[in-house]
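> My structure is stored as work_2.cif, with mmCIF, C-alpha atoms.
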```
data_final
loop_
_atom_site.label_atom_id
_atom_site.label_comp_id
_atom_site.auth_asym_id
_atom_site.auth_seq_id
_atom_site.Cartn_x
_atom_site.Cartn_y
_atom_site.Cartn_z
CA MET Y 94 -100.83 -45.34 -60.84
CA MET Y 95 -101.53 -42.08 -59.01
CA LYS Y 96 -99.17 -39.14 -59.57
CA TRP Y 97 -98.01 -36.86 -56.77
CA GLU Y 98 -98.29 -33.69 -58.89
CA GLN Y 99 -102.01 -34.46 -59.37
CA LEU Y 100 -102.56 -35.60 -55.79
CA LEU Y 101 -101.22 -32.26 -54.51
CA SER Y 102 -103.82 -30.23 -56.44
CA LEU Y 103 -104.45 -26.71 -55.15
CA LYS Y 104 -107.77 -26.50 -57.04
CA ARG Y 105 -110.87 -25.33 -55.15
CA GLN Y 106 -114.52 -25.79 -55.97
CA GLY Y 107 -115.63 -23.28 -58.64
CA ASP Y 108 -112.10 -22.44 -59.88
CA THR Y 109 -112.00 -21.36 -63.52
CA SER Y 110 -108.22 -21.20 -63.87
CA LYS Y 111 -105.35 -23.43 -62.74
CA ARG Y 112 -103.59 -22.85 -59.41
CA LEU Y 113 -99.93 -23.68 -59.93
CA ARG Y 114 -97.73 -24.35 -56.90
CA LYS Y 115 -94.79 -22.38 -58.27
CA GLU Y 116 -97.02 -19.29 -58.58
CA GLN Y 117 -98.27 -19.51 -54.97
CA ASP Y 118 -97.48 -16.81 -52.42
CA ASP Y 119 -95.55 -18.74 -49.76
CA THR Y 120 -96.80 -16.36 -47.06
CA ARG Y 121 -100.41 -17.49 -47.82
CA LEU Y 122 -99.99 -20.96 -49.24
CA GLY Y 123 -103.29 -22.53 -50.36
CA PHE Y 124 -102.95 -25.57 -48.11
CA GLU Y 125 -102.36 -23.32 -45.10
CA VAL Y 126 -105.44 -21.28 -46.08
CA ASP Y 127 -107.38 -24.59 -45.76
CA TYR Y 128 -106.20 -24.88 -42.15
CA ASP Y 129 -107.17 -21.29 -41.39
CA ARG Y 130 -110.65 -21.66 -42.90
CA ILE Y 131 -111.30 -24.78 -40.84
CA ILE Y 132 -110.07 -23.15 -37.62
CA PHE Y 133 -112.39 -20.15 -38.11
CA SER Y 134 -115.46 -22.22 -39.07
CA SER Y 135 -118.40 -22.55 -36.68
CA VAL Y 136 -118.48 -26.34 -37.14
CA PHE Y 137 -114.90 -26.60 -35.92
CA ARG Y 138 -115.61 -24.30 -32.98
CA SER Y 139 -118.47 -26.57 -31.85
CA LEU Y 140 -115.93 -29.34 -31.17
CA GLN Y 141 -114.95 -27.57 -27.93
CA ASP Y 142 -118.18 -28.92 -26.37
CA LYS Y 143 -118.27 -32.35 -27.96
CA THR Y 144 -117.31 -35.60 -26.33
CA GLN Y 145 -114.02 -37.30 -27.07
CA VAL Y 146 -114.29 -40.21 -24.62
CA ILE Y 147 -115.86 -39.13 -21.34
CA PRO Y 148 -119.17 -37.54 -22.41
CA LEU Y 149 -120.26 -34.31 -20.73
CA SER Y 150 -117.32 -34.64 -18.36
CA LYS Y 151 -116.17 -31.44 -16.70
CA THR Y 152 -112.91 -32.98 -15.49
CA ASP Y 153 -110.25 -30.43 -16.37
CA PHE Y 154 -107.73 -32.68 -18.10
CA VAL Y 155 -110.09 -34.80 -20.20
CA HIS Y 156 -110.00 -34.21 -23.94
CA THR Y 157 -112.82 -32.77 -25.99
CA ARG Y 158 -113.12 -33.31 -29.75
CA LEU Y 159 -111.46 -29.89 -30.14
CA THR Y 160 -108.30 -30.66 -28.19
CA HIS Y 161 -108.16 -34.11 -29.79
CA SER Y 162 -108.44 -32.59 -33.29
CA LEU Y 163 -105.69 -30.05 -32.58
CA GLU Y 164 -103.39 -32.82 -31.33
CA VAL Y 165 -104.15 -35.02 -34.36
CA SER Y 166 -103.30 -32.09 -36.65
CA VAL Y 167 -99.95 -31.56 -34.90
CA VAL Y 168 -99.08 -35.26 -35.27
CA GLY Y 169 -100.37 -35.15 -38.86
CA ARG Y 170 -98.14 -32.21 -39.70
CA SER Y 171 -95.08 -34.09 -38.43
CA LEU Y 172 -96.04 -37.21 -40.40
CA GLY Y 173 -96.62 -35.14 -43.55
CA ARG Y 174 -93.34 -33.24 -43.33
CA LEU Y 175 -91.26 -36.35 -42.65
CA VAL Y 176 -92.87 -38.16 -45.57
CA GLY Y 177 -92.74 -35.06 -47.80
CA LYS Y 178 -88.98 -34.65 -47.23
CA LYS Y 179 -88.33 -38.19 -48.46
CA ILE Y 180 -90.83 -38.02 -51.35
CA ILE Y 181 -89.22 -34.84 -52.72
CA GLU Y 182 -85.74 -36.38 -52.36
CA LYS Y 183 -86.98 -39.41 -54.29
CA HIS Y 184 -88.94 -37.41 -56.92
CA PRO Y 185 -86.99 -34.12 -57.26
CA TYR Y 186 -89.11 -33.01 -60.27
CA LEU Y 187 -91.91 -32.23 -57.77
CA GLN Y 188 -89.78 -29.39 -56.43
CA ASP Y 189 -87.71 -28.52 -59.51
CA ILE Y 190 -90.58 -28.40 -62.03
CA HIS Y 191 -93.73 -27.91 -59.93
CA GLY Y 192 -92.36 -26.03 -56.91
CA TYR Y 193 -93.67 -28.33 -54.16
CA GLN Y 194 -91.91 -28.26 -50.77
CA MET Y 195 -91.80 -30.82 -47.97
CA ASN Y 196 -93.90 -28.51 -45.78
CA ASP Y 197 -96.74 -28.69 -48.35
CA PHE Y 198 -97.25 -32.34 -47.38
CA GLY Y 199 -97.33 -31.34 -43.70
CA ALA Y 200 -99.82 -28.52 -44.37
CA ILE Y 201 -102.21 -30.80 -46.31
CA VAL Y 202 -102.15 -33.56 -43.68
CA ALA Y 203 -102.47 -31.04 -40.82
CA ALA Y 204 -105.55 -29.38 -42.39
CA ALA Y 205 -107.22 -32.71 -43.21
CA ALA Y 206 -106.42 -34.04 -39.72
CA LEU Y 207 -107.74 -30.85 -38.10
CA SER Y 208 -111.13 -31.49 -39.71
CA HIS Y 209 -111.22 -35.28 -39.36
CA ASP Y 210 -113.89 -35.21 -36.61
CA ILE Y 211 -115.80 -32.16 -37.84
CA GLY Y 212 -118.83 -34.25 -38.87
CA ASN Y 213 -119.18 -36.17 -35.62
CA PRO Y 214 -122.51 -35.66 -33.80
CA PRO Y 215 -122.76 -34.89 -30.08
CA PHE Y 216 -122.11 -37.67 -27.52
CA GLY Y 217 -119.22 -39.39 -29.30
CA HIS Y 218 -119.63 -42.46 -31.49
CA SER Y 219 -122.90 -43.31 -29.75
CA GLY Y 220 -124.26 -40.14 -31.39
CA GLU Y 221 -123.64 -41.60 -34.86
CA LYS Y 222 -125.29 -44.86 -33.84
CA ALA Y 223 -128.25 -43.03 -32.30
CA ILE Y 224 -128.96 -41.16 -35.56
CA GLY Y 225 -128.74 -44.41 -37.55
CA GLU Y 226 -130.97 -46.30 -35.14
CA TYR Y 227 -133.70 -43.62 -35.22
CA PHE Y 228 -134.20 -44.55 -38.89
CA LYS Y 229 -133.38 -48.25 -38.64
CA THR Y 230 -135.45 -49.23 -35.61
CA GLY Y 231 -137.17 -46.02 -34.45
CA ARG Y 232 -139.99 -43.87 -35.81
CA GLY Y 233 -137.79 -42.95 -38.77
CA GLN Y 234 -138.60 -46.35 -40.29
CA GLN Y 235 -141.74 -44.75 -41.78
CA TYR Y 236 -139.61 -43.03 -44.46
CA LYS Y 237 -137.93 -46.15 -45.87
CA GLU Y 238 -140.32 -46.89 -48.75
CA GLN Y 239 -139.91 -43.38 -50.18
CA LEU Y 240 -136.09 -43.55 -50.50
CA THR Y 241 -133.61 -45.41 -52.70
CA ASP Y 242 -131.48 -48.14 -51.11
CA LYS Y 243 -128.39 -45.90 -51.02
CA GLN Y 244 -130.28 -42.92 -49.59
CA TRP Y 245 -131.73 -45.18 -46.89
CA GLN Y 246 -128.29 -46.63 -46.11
CA ASP Y 247 -126.91 -43.08 -45.65
CA LEU Y 248 -129.49 -42.58 -42.88
CA ILE Y 249 -129.47 -45.95 -41.09
CA ASP Y 250 -125.67 -46.05 -41.16
CA PHE Y 251 -125.12 -42.33 -40.50
CA GLU Y 252 -121.41 -41.69 -40.86
CA GLY Y 253 -119.43 -38.82 -39.31
CA ASN Y 254 -116.82 -38.97 -42.09
CA ALA Y 255 -119.43 -38.43 -44.82
CA ASN Y 256 -121.06 -35.73 -42.72
CA GLY Y 257 -117.69 -34.00 -42.38
CA PHE Y 258 -117.22 -33.97 -46.16
CA ASN Y 259 -120.66 -32.38 -46.50
CA LEU Y 260 -119.97 -29.72 -43.86
CA LEU Y 261 -116.67 -28.80 -45.55
CA THR Y 262 -118.04 -28.65 -49.10
CA ALA Y 263 -121.84 -28.15 -49.26
CA SER Y 264 -123.06 -24.95 -50.90
CA ARG Y 265 -125.76 -22.70 -49.50
CA PRO Y 266 -127.03 -19.36 -50.88
CA GLY Y 267 -124.04 -17.03 -51.32
CA ILE Y 268 -121.63 -19.64 -49.92
CA GLU Y 269 -120.72 -21.73 -52.95
CA GLY Y 270 -118.59 -24.78 -52.20
CA GLY Y 271 -118.78 -24.47 -48.42
CA LEU Y 272 -115.35 -23.65 -46.98
CA ARG Y 273 -113.80 -24.10 -50.46
CA ILE Y 274 -111.00 -26.37 -49.29
CA SER Y 275 -108.30 -27.43 -51.78
CA TYR Y 276 -108.91 -30.76 -53.49
CA ALA Y 277 -105.62 -32.15 -52.12
CA THR Y 278 -106.84 -31.58 -48.55
CA LEU Y 279 -110.29 -33.01 -49.36
CA GLY Y 280 -108.59 -36.11 -50.79
CA ALA Y 281 -106.46 -36.53 -47.68
CA PHE Y 282 -109.57 -36.02 -45.51
CA MET Y 283 -111.40 -38.86 -47.30
CA LYS Y 284 -110.44 -42.00 -45.36
CA TYR Y 285 -113.25 -44.01 -46.97
CA PRO Y 286 -113.69 -42.82 -50.58
CA LYS Y 287 -116.88 -44.76 -51.30
CA GLU Y 288 -120.66 -44.46 -50.97
CA SER Y 289 -122.70 -46.22 -48.28
CA LEU Y 290 -123.53 -49.27 -50.44
CA PRO Y 291 -122.19 -51.86 -50.97
CA LYS Y 292 -121.34 -52.05 -47.27
CA LYS Y 293 -117.83 -53.41 -46.53
CA PRO Y 294 -117.49 -55.07 -49.98
CA THR Y 295 -113.83 -56.00 -49.28
CA ASN Y 296 -111.32 -56.13 -46.43
CA ASN Y 297 -109.55 -53.07 -47.85
CA ILE Y 298 -109.25 -50.45 -45.07
CA ALA Y 299 -110.71 -47.89 -47.53
CA ASP Y 300 -113.96 -49.93 -47.70
CA LYS Y 301 -114.42 -50.18 -43.92
CA LYS Y 302 -116.93 -47.29 -43.78
CA TYR Y 303 -118.15 -44.74 -46.31
CA GLY Y 304 -117.10 -41.17 -46.99
CA PHE Y 305 -119.82 -39.24 -48.83
CA PHE Y 306 -123.62 -39.03 -48.88
CA GLN Y 307 -125.64 -39.46 -52.08
CA CYS Y 308 -126.21 -35.68 -52.20
CA ASP Y 309 -122.42 -35.12 -52.40
CA LYS Y 310 -121.66 -37.90 -54.89
CA ALA Y 311 -121.25 -35.73 -58.00
CA PHE Y 312 -118.86 -33.31 -56.33
CA PHE Y 313 -116.77 -36.08 -54.79
CA GLN Y 314 -116.39 -37.65 -58.24
CA GLU Y 315 -115.13 -34.30 -59.52
CA VAL Y 316 -112.54 -34.15 -56.72
CA ALA Y 317 -111.47 -37.76 -57.35
CA ALA Y 318 -111.05 -37.13 -61.09
CA GLU Y 319 -108.94 -34.00 -60.51
CA LEU Y 320 -106.68 -35.89 -58.06
CA GLY Y 321 -106.41 -38.95 -60.33
CA LEU Y 322 -107.72 -41.37 -57.66
CA ILE Y 323 -108.11 -44.97 -58.88
CA PRO Y 324 -111.75 -46.20 -59.21
CA ASN Y 325 -112.30 -49.64 -57.62
CA LYS Y 326 -116.06 -50.25 -58.02
CA THR Y 327 -118.09 -51.38 -61.04
CA GLY Y 328 -121.54 -50.71 -62.46
CA ASP Y 329 -123.53 -48.05 -60.63
CA ASP Y 330 -121.38 -48.26 -57.48
CA ILE Y 331 -118.84 -45.52 -56.77
CA GLY Y 332 -115.63 -46.00 -54.84
CA TYR Y 333 -111.92 -45.25 -55.14
CA GLU Y 334 -108.59 -46.23 -53.72
CA ARG Y 335 -107.37 -43.79 -51.09
CA HIS Y 336 -105.43 -40.59 -51.60
CA PRO Y 337 -101.99 -41.56 -50.20
CA LEU Y 338 -102.01 -38.78 -47.60
CA ALA Y 339 -105.28 -40.15 -46.15
CA TYR Y 340 -103.13 -42.95 -44.68
CA LEU Y 341 -101.19 -40.32 -42.72
CA VAL Y 342 -104.36 -38.59 -41.48
CA GLU Y 343 -105.64 -41.96 -40.29
CA ALA Y 344 -102.30 -42.78 -38.63
CA ALA Y 345 -102.29 -39.43 -36.79
CA ASP Y 346 -105.78 -40.15 -35.44
CA ASP Y 347 -104.90 -43.76 -34.52
CA ILE Y 348 -101.75 -42.65 -32.68
CA CYS Y 349 -103.50 -39.88 -30.76
CA TYR Y 350 -106.59 -41.70 -29.63
CA THR Y 351 -104.63 -44.83 -28.67
CA ILE Y 352 -102.09 -43.01 -26.54
CA ILE Y 353 -104.00 -39.95 -25.35
CA ASP Y 354 -107.26 -41.70 -24.41
CA PHE Y 355 -105.02 -44.06 -22.43
CA GLU Y 356 -103.39 -41.06 -20.76
CA ASP Y 357 -106.81 -39.62 -19.87
CA GLY Y 358 -107.79 -42.97 -18.35
CA ILE Y 359 -104.66 -42.97 -16.18
CA ASN Y 360 -105.20 -39.38 -15.02
CA LEU Y 361 -108.83 -40.16 -14.20
CA GLY Y 362 -107.72 -43.13 -12.08
CA LEU Y 363 -109.49 -45.64 -14.37
CA ILE Y 364 -106.12 -47.31 -15.12
CA SER Y 365 -103.35 -47.65 -12.51
CA GLU Y 366 -100.00 -45.99 -13.20
CA ASP Y 367 -98.05 -49.23 -12.69
CA PHE Y 368 -100.28 -50.98 -15.21
CA ALA Y 369 -99.88 -48.10 -17.66
CA LEU Y 370 -96.12 -48.08 -17.28
CA GLU Y 371 -95.96 -51.74 -18.22
CA TYR Y 372 -97.66 -50.97 -21.55
CA LEU Y 373 -96.06 -47.62 -22.40
CA ILE Y 374 -92.51 -48.76 -21.66
CA LYS Y 375 -92.71 -51.17 -24.62
CA LEU Y 376 -93.16 -48.18 -26.94
CA VAL Y 377 -90.45 -45.97 -25.44
CA LYS Y 378 -87.74 -48.33 -24.19
CA ASP Y 379 -85.40 -47.34 -27.06
CA ASN Y 380 -85.36 -43.62 -26.23
CA VAL Y 381 -86.43 -43.14 -22.60
CA HIS Y 382 -83.99 -41.11 -20.45
CA VAL Y 383 -84.10 -42.93 -17.10
CA GLU Y 384 -82.64 -40.09 -15.00
CA LYS Y 385 -85.09 -37.60 -16.53
CA TYR Y 386 -87.99 -39.95 -15.83
CA LYS Y 387 -86.92 -40.50 -12.19
CA SER Y 388 -86.74 -36.73 -11.63
CA LEU Y 389 -90.46 -36.27 -12.40
CA VAL Y 390 -92.43 -35.95 -9.15
CA THR Y 391 -96.09 -36.21 -10.17
CA LYS Y 392 -97.95 -39.01 -11.91
CA GLU Y 393 -99.27 -36.54 -14.50
CA ASP Y 394 -95.74 -35.41 -15.43
CA ARG Y 395 -94.40 -38.96 -15.61
CA ILE Y 396 -97.23 -40.12 -17.85
CA SER Y 397 -96.98 -36.95 -19.96
CA TYR Y 398 -93.27 -37.64 -20.58
CA LEU Y 399 -93.93 -41.25 -21.59
CA ARG Y 400 -96.86 -40.17 -23.79
CA ALA Y 401 -94.66 -37.71 -25.70
CA LEU Y 402 -92.00 -40.37 -26.29
CA ALA Y 403 -94.62 -42.95 -27.30
CA ILE Y 404 -96.13 -40.60 -29.89
CA SER Y 405 -92.65 -39.88 -31.26
CA SER Y 406 -91.94 -43.62 -31.61
CA LEU Y 407 -95.24 -44.23 -33.38
CA ILE Y 408 -94.74 -41.28 -35.76
CA GLY Y 409 -91.34 -42.63 -36.83
CA ASP Y 410 -92.78 -46.10 -37.32
CA ALA Y 411 -95.76 -44.88 -39.43
CA VAL Y 412 -93.43 -42.83 -41.65
CA ASN Y 413 -91.24 -45.89 -42.25
CA VAL Y 414 -94.23 -48.07 -43.15
CA PHE Y 415 -95.53 -45.42 -45.58
CA LEU Y 416 -92.19 -44.93 -47.33
CA GLU Y 417 -91.54 -48.68 -47.61
CA ASN Y 418 -94.94 -49.07 -49.31
CA GLU Y 419 -95.11 -45.82 -51.29
CA GLU Y 420 -95.29 -47.56 -54.67
CA ALA Y 421 -98.07 -49.95 -53.59
CA ILE Y 422 -99.98 -47.00 -52.09
CA LEU Y 423 -99.70 -45.01 -55.35
CA GLN Y 424 -100.94 -48.07 -57.25
CA GLY Y 425 -103.93 -48.40 -54.93
CA LYS Y 426 -102.65 -51.74 -53.69
CA TYR Y 427 -102.16 -51.13 -49.99
CA PRO Y 428 -105.33 -52.30 -48.16
CA TYR Y 429 -104.10 -51.70 -44.58
CA ALA Y 430 -103.85 -48.89 -42.06
CA LEU Y 431 -100.21 -47.93 -41.47
CA THR Y 432 -100.54 -48.74 -37.77
CA GLU Y 433 -101.68 -52.28 -38.65
CA ARG Y 434 -98.33 -53.03 -40.27
CA GLY Y 435 -95.83 -51.35 -37.96
CA LYS Y 436 -93.42 -52.74 -35.41
CA TYR Y 437 -95.66 -51.48 -32.57
CA THR Y 438 -98.96 -52.90 -33.89
CA ALA Y 439 -99.28 -55.50 -31.10
CA GLN Y 440 -98.50 -52.92 -28.39
CA MET Y 441 -101.12 -50.52 -29.76
CA LYS Y 442 -103.73 -53.29 -29.79
CA ASP Y 443 -102.92 -54.12 -26.17
CA ILE Y 444 -103.38 -50.48 -25.14
CA ILE Y 445 -106.68 -50.17 -27.05
CA ASN Y 446 -108.01 -53.34 -25.40
CA ILE Y 447 -107.20 -51.94 -21.95
CA SER Y 448 -108.88 -48.63 -22.88
CA ILE Y 449 -112.01 -50.43 -24.12
CA LYS Y 450 -112.33 -52.33 -20.85
CA ASN Y 451 -111.40 -49.59 -18.39
CA ILE Y 452 -112.41 -46.34 -20.13
CA TYR Y 453 -114.84 -46.76 -23.04
CA GLN Y 454 -117.01 -49.19 -21.05
CA SER Y 455 -116.71 -47.39 -17.72
CA ARG Y 456 -119.98 -46.61 -15.95
CA GLU Y 457 -119.73 -42.84 -16.51
CA VAL Y 458 -119.31 -43.30 -20.26
CA VAL Y 459 -122.16 -45.83 -20.52
CA GLU Y 460 -124.55 -43.64 -18.49
CA LYS Y 461 -123.90 -40.58 -20.63
CA GLU Y 462 -124.24 -42.58 -23.85
CA VAL Y 463 -127.66 -43.78 -22.69
CA ILE Y 464 -128.68 -40.15 -22.10
CA GLY Y 465 -127.27 -39.23 -25.53
CA TYR Y 466 -129.42 -41.86 -27.27
CA ARG Y 467 -132.61 -40.51 -25.72
CA ILE Y 468 -131.72 -36.89 -26.53
CA ILE Y 469 -130.77 -37.52 -30.18
CA ASN Y 470 -133.83 -39.72 -30.78
CA THR Y 471 -136.14 -37.03 -29.40
CA LEU Y 472 -134.51 -34.19 -31.36
CA LEU Y 473 -134.54 -36.11 -34.65
CA ASP Y 474 -138.16 -37.17 -34.28
CA THR Y 475 -139.37 -33.72 -33.29
CA PHE Y 476 -137.50 -31.80 -36.00
CA CYS Y 477 -137.97 -34.35 -38.86
CA THR Y 478 -141.72 -34.40 -38.20
CA ALA Y 479 -142.06 -30.61 -37.99
CA TYR Y 480 -139.80 -29.94 -40.99
CA ASN Y 481 -141.60 -32.49 -43.21
CA ASN Y 482 -145.08 -31.39 -42.11
CA THR Y 483 -144.16 -27.79 -42.91
CA PHE Y 484 -142.99 -28.75 -46.42
CA GLU Y 485 -146.16 -30.77 -47.01
CA GLY Y 486 -148.38 -27.90 -45.86
CA LYS Y 487 -149.81 -29.75 -42.86
CA ALA Y 488 -147.82 -28.20 -40.03
CA SER Y 489 -149.52 -27.86 -36.66
CA ASN Y 490 -148.90 -24.74 -34.61
CA TYR Y 491 -146.43 -26.82 -32.57
CA ASP Y 492 -144.57 -27.83 -35.76
CA LYS Y 493 -144.29 -24.16 -36.76
CA LEU Y 494 -142.84 -23.31 -33.35
CA ILE Y 495 -140.34 -26.21 -33.57
CA VAL Y 496 -139.13 -25.06 -37.01
CA LYS Y 497 -138.50 -21.60 -35.53
CA LEU Y 498 -135.97 -23.25 -33.19
CA LEU Y 499 -133.78 -24.12 -36.20
CA PRO Y 500 -130.82 -21.76 -36.71
CA GLU Y 501 -131.32 -19.31 -39.58
CA LYS Y 502 -129.01 -21.19 -41.97
CA PHE Y 503 -131.08 -24.37 -41.51
CA ILE Y 504 -134.41 -22.70 -42.38
CA THR Y 505 -134.31 -23.54 -46.08
CA GLU Y 506 -136.65 -25.46 -48.34
CA LYS Y 507 -135.51 -28.91 -49.42
CA MET Y 508 -137.52 -30.32 -52.30
CA ASN Y 509 -137.17 -34.07 -51.70
CA LEU Y 510 -137.61 -36.22 -48.62
CA TYR Y 511 -134.02 -37.52 -48.55
CA ASP Y 512 -132.61 -33.98 -48.57
CA ARG Y 513 -135.01 -32.94 -45.81
CA LEU Y 514 -134.16 -35.87 -43.54
CA LEU Y 515 -130.42 -35.47 -44.13
CA HIS Y 516 -130.76 -31.71 -43.53
CA ILE Y 517 -132.14 -32.39 -40.03
CA CYS Y 518 -129.39 -34.97 -39.44
CA HIS Y 519 -126.82 -32.30 -40.40
CA PHE Y 520 -128.47 -29.87 -37.96
CA VAL Y 521 -128.48 -32.36 -35.06
CA SER Y 522 -124.89 -33.40 -35.85
CA THR Y 523 -123.63 -29.79 -35.56
CA LEU Y 524 -125.06 -29.37 -32.05
CA THR Y 525 -122.65 -29.39 -29.15
CA ASP Y 526 -123.35 -31.80 -26.28
CA GLY Y 527 -124.53 -28.89 -24.14
CA LYS Y 528 -126.77 -27.36 -26.83
CA ALA Y 529 -128.35 -30.78 -27.51
CA VAL Y 530 -129.19 -31.12 -23.81
CA LEU Y 531 -130.67 -27.59 -23.72
CA LEU Y 532 -132.83 -28.21 -26.81
CA TYR Y 533 -133.99 -31.54 -25.39
CA ASN Y 534 -134.95 -29.86 -22.13
CA THR Y 535 -136.86 -27.19 -24.05
CA ILE Y 536 -138.80 -29.76 -26.12
CA THR Y 537 -139.59 -32.11 -23.22
CA GLY Y 538 -140.25 -29.34 -20.68
CA ALA Y 539 -137.56 -30.74 -18.39
CA LYS Y 540 -135.36 -28.48 -16.30
#
```
If you took the structure in this file and wrote it as structure tokens, what would it be?

Amino acid sequence: MMKWEQLLSLKRQGDTSKRLRKEQDDTRLGFEVDYDRIIFSSVFRSLQDKTQVIPLSKTDFVHTRLTHSLEVSVVGRSLGRLVGKKIIEKHPYLQDIHGYQMNDFGAIVAAAALSHDIGNPPFGHSGEKAIGEYFKTGRGQQYKEQLTDKQWQDLIDFEGNANGFNLLTASRPGIEGGLRISYATLGAFMKYPKESLPKKPTNNIADKKYGFFQCDKAFFQEVAAELGLIPNKTGDDIGYERHPLAYLVEAADDICYTIIDFEDGINLGLISEDFALEYLIKLVKDNVHVEKYKSLVTKEDRISYLRALAISSLIGDAVNVFLENEEAILQGKYPYALTERGKYTAQMKDIINISIKNIYQSREVVEKEVIGYRIINTLLDTFCTAYNNTFEGKASNYDKLIVKLLPEKFITEKMNLYDRLLHICHFVSTLTDGKAVLLYNTITGAK
């Protein structure tokens, strides 16, 4: 069984002495330092020009990955604090002996939630698929025979969650341990604490995708051991049951994208207000103030009011589900997302189905995803070829020019093929939508 005092570890990569909660300066609490480091990182900043739903859209009220991540962190903080208050009431030794406060839970979940999309490539989820398909069905197939099965799976099933863990933690010269985030926050960040193979070995929500690349395996095992996560794989396969707070990070994301993507669709005119009202009212009927609602003049204000109430309802529901199942979660015996077992599960599914039909598959989204595929395929092929040829001493003059387009921090020598290919994937994944288009235009000679 996992123990809260271990799960809330303030340890950071490279620490030589213990960080005790009761010795922390509450004006610069370690978990809040995590949040600050993420906010000031260049990878977080790039989210301001990355697609949430409507790729490359310049419509003023549509969300980017940045605004989405900020909203998820706000919802995550509320979830964490509400859960933390009850956990400390139930286990008072956490406060009396160790010094933990309810806000610590909120700070951990907020920081993990803030970074939950940090590893996502440009052009939304189609960006992840485009990277994978370059290796699976594109010219990247040529590298397969030189890689292990798990290394190959990392590439053909490129995963934004694993990429995020790498961006938060990977060392480079003079920057040991990346952003040096606390292990508690890294644990909460890890929605899928397993490697890329075996793929979906069980129906456990934690096995749905994977959370770390082969190059980050050793460090993730160190984090898991410090936190006391429960191993759930045998033989040479590595996987763990989730850190309990990862359920809250996931719930914050589920709540936000379900409700806020829906709101974007309504404001864009892809979903009619009457239709939206029919779905949202099921979530808010217990606490809607009819007179207040009738006083709102614009569609945007009406939908905004209902959205706020809907998120509040879903937060309360997720907290209840977590607290009712706390013991099973600590034992690693809770294989569901919190939103799959709440009283609003059916309503959330209905909203997601409407969003899939009217928003995610709308013509504008599909057109931009097609463009994204072409751009990512071209960038990967051009840079992988040039980077590998340079390492092997057979670079053409063109290859040398292409390598000069890499940012300074990406011009490093990687000694094996897997590291080189993944290095270029990391580079492409950190591009904004706009920068990817510019680079593509440069390489193809397009305007």
> Which residues come within 9 Å of segment 120-128 of chain Y, counting all atoms listed in the file, excluding same-chain residues fewer than 2 positions away, as a list in words?
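The contact residues come out as Leu103, Lys104, Arg114, Gln117, Asp118, Arg130, Ile131, Ile132, Phe133, Asp197, Phe198, Ala200, Ile201, Ala203, Ala204, Ala205, Leu207, Ser208, Leu272, Arg273, Ile274, Ser275, Ala277 and Thr278 of chain Y.
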> Put those residues in a file: C-alpha atoms, as an mmCIF file, in the coordinates of the input.

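So the final result, stored in out-v4.cif, reads:
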```cif
data_model
loop_
_atom_site.group_PDB
_atom_site.id
_atom_site.type_symbol
_atom_site.label_atom_id
_atom_site.label_comp_id
_atom_site.auth_asym_id
_atom_site.auth_seq_id
_atom_site.Cartn_x
_atom_site.Cartn_y
_atom_site.Cartn_z
ATOM 1 C CA LEU Y 103 -104.450 -26.710 -55.150
ATOM 2 C CA LYS Y 104 -107.770 -26.500 -57.040
ATOM 3 C CA ARG Y 114 -97.730 -24.350 -56.900
ATOM 4 C CA GLN Y 117 -98.270 -19.510 -54.970
ATOM 5 C CA ASP Y 118 -97.480 -16.810 -52.420
ATOM 6 C CA ARG Y 130 -110.650 -21.660 -42.900
ATOM 7 C CA ILE Y 131 -111.300 -24.780 -40.840
ATOM 8 C CA ILE Y 132 -110.070 -23.150 -37.620
ATOM 9 C CA PHE Y 133 -112.390 -20.150 -38.110
ATOM 10 C CA ASP Y 197 -96.740 -28.690 -48.350
ATOM 11 C CA PHE Y 198 -97.250 -32.340 -47.380
ATOM 12 C CA ALA Y 200 -99.820 -28.520 -44.370
ATOM 13 C CA ILE Y 201 -102.210 -30.800 -46.310
ATOM 14 C CA ALA Y 203 -102.470 -31.040 -40.820
ATOM 15 C CA ALA Y 204 -105.550 -29.380 -42.390
ATOM 16 C CA ALA Y 205 -107.220 -32.710 -43.210
ATOM 17 C CA LEU Y 207 -107.740 -30.850 -38.100
ATOM 18 C CA SER Y 208 -111.130 -31.490 -39.710
ATOM 19 C CA LEU Y 272 -115.350 -23.650 -46.980
ATOM 20 C CA ARG Y 273 -113.800 -24.100 -50.460
ATOM 21 C CA ILE Y 274 -111.000 -26.370 -49.290
ATOM 22 C CA SER Y 275 -108.300 -27.430 -51.780
ATOM 23 C CA ALA Y 277 -105.620 -32.150 -52.120
ATOM 24 C CA THR Y 278 -106.840 -31.580 -48.550
#
```
> Which protein, DNA or RNA residues have an atom at most 10 Å from (-89.2, -42.7, -25.6), counting all atoms listed in the file? List them as number ranges by chain.
Y: 373-383, 398-407
> Calculated over only C-alpha atoms, which of the candidates Y:Asp210, Y:Glu460, Y:Glu417, Y:Asp242 has the smallest distance to Lys179 of chain Y?
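The answer is Y:Glu417, which sits nearest to Lys179 of chain Y.
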> Expand the PyMOL selection byres ((chain Y and resi 340-352) around 8) into the individual residues it matches in the shown file, reporting them as a ChimeraX atom specification.
/Y:161,164-166,168-169,172-173,202-203,205-206,209,281-282,284,335-339,353-356,400,403-404,407-408,411,430-432,441,444-445
> Which of these residues is nearest to Leu175 of chain Y, using only C-alpha atoms: Y:Tyr511, Y:Phe415, Y:Tyr276, Y:Tyr227?
Y:Phe415
> Mind telling me what the PyMOL selection byres ((chain Y and resi 523) around 8) catches here, as a list in words?
Val136, Ser139, Gly212, Asn213, Pro214, Pro215, His519, Phe520, Val521, Ser522, Leu524 and Thr525 of chain Y
